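Peer 1: First the structure, which I've put down as structure tokens, then a few questions once you've had a look.
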Amino acid sequence: MGFHHSKQMSYAKVNDKNHRKSPFKHKKKQCHKFHSQKPLKESFRHNDSKISEETANCSSRSNSSKVSYHMLDGRRYLKEEECVYFFPVDVKESDRAILCHFLLKALWQGNFKAPIEEKLRNGEMKVLDIGCGPGPWALEMASTYPNSHFTGIDIAPDCPNEIKPKNTKFSQINILEGLPYVNNHFDYVHQRMMSTSFTSKQYDEIVLPELIRVTKSGGVIELMEFDQTCIKIGPIFAQMDEFYKDFLKKVGIDVYQGSRLRKLLENCDELRDIKMGSIEIPFGSSHGKMAKLMAENFYEGFLAARGQISAVMNISHGEYDQLIEPVFKTELNQNQTAIFAHRYSS
């Protein structure tokens, strides 16, 4: 089974627009909190884990001077009041994100689809990468196109500040508090794998309006998201899939956020000619090396999120492991299990 691509995505522009002012000035922080049957910290205690707290300061210009964490089983997570994001913020998770970057680049046959190559090479582009994590996309793009400028932002200060291309800047910024940029500032705004970082309400009412606001008229917004459910699954995977859907529902995330983005974008008056590309990504070693690596990366992701998910769902880590291990260790190789990824340009 190969990786099935839809027709290639074509170029579309942001309409000429009278930008609205950012709604975030003088407005209190809007963040989603995890909800479970117990208060979250009590839920963590349910797992017999020690919690410590630490605060990270960021010297970069940002709208968030501090980020708070808690430690759980040796992994560092954002505190629940920061946002809905449920993966760790640590070196191990950064390594997984970097590997995922190169897998996605291979699957999509490049780092972007919009025909902006010439402008990037000529130095005509100001580029914003939202939710950049450890920064692999921005760093690679900045090295490839030294005449353009790349800005990467993330809620956690997890990016290199010393060793990086001179045309790259990273800042600690929480988009849910609004982006600290003027209207019409960037030529190209890139965002991927952020559907599990925001509730559907946050994505619709905060994130997308801010992306549009800071993008120049005639500029490009490009988004890439996975659906948060798989197809062609076996009976064990079906149990895990229902469990994961229940978790996402509890924290306010749309399981089909990736595929619903098209309608959301088409309903924006400021955007036109929305183009979409999709790929079906199989899992498991029986489908080749790339599928095996993707399955391993997703498995590591589920392990990384164990602390937060098991707390919200009020189960022990052992129960959580018993649920996911048979899926990734056995069943994926017995079925044609796959996941869809969607890419949009507007």
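Numbering starts fresh at 1 for the residues of each chain in the structure tokens, the chains themselves are lettered A, B, ... in the order given, and ligands are numbered from 1 as they appear.
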Could you produce a table of the residues of region 190-228 of chain A lying within 8 Å of region 181-184 of chain A, with the nearest pair of atoms per residue and their separation in Å rounded to one decimal, using only C-alpha atoms, ordered by chain and increasing residue number, as CSV?

Peer 2:
residue,atom,partner,partner_atom,distance
A:Arg213,CA,A:Asn183,CA,5.4
A:Val214,CA,A:Asn183,CA,4.6
A:Thr215,CA,A:Asn184,CA,4.9
A:Lys216,CA,A:Asn184,CA,3.8
A:Ser217,CA,A:Asn184,CA,6.6

Peer 1: Find, counting only C-alpha atoms, the residue in A:Leu72, A:Ile279, A:Ile221, A:Ile206 that gets nearest to Ser345 (chain A).

Peer 2: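 Selected residue with least distance to Ser345 (chain A): A:Ile221.
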
Peer 1: Mind giving me the straight-line distance from CA of His342 (chain A) to CA of Gly218 (chain A) in Å, one decimal?

Peer 2: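 Distance between the two atoms: 22.4 Å.
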
Peer 1: Report as a list in words all protein, DNA and RNA residues lying within 9 Å of Gln334 (chain A), evaluated on only C-alpha atoms, omitting residues in the same chain fewer than 3 positions from it.

Peer 2: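 Counting only C-alpha atoms, the residues come to Gly234, Gly284, Ser286, Thr330, Glu331 and Thr337 of chain A.
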
Peer 1: Restricted to C-alpha atoms, what would the selected residues look like written as a JSON list (two decimals), in the first residue's frame?

Peer 2:
[["chain", "number", "residue", "atom", "x", "y", "z"],
["A", 234, "GLY", "CA", -9.13, -3.57, 13.82],
["A", 284, "GLY", "CA", 2.92, -0.47, 10.08],
["A", 286, "SER", "CA", 4.11, -4.23, 6.25],
["A", 330, "THR", "CA", 0.54, -6.02, 16.73],
["A", 331, "GLU", "CA", -2.70, -4.90, 15.13],
["A", 337, "THR", "CA", -4.86, 1.08, 9.00]]
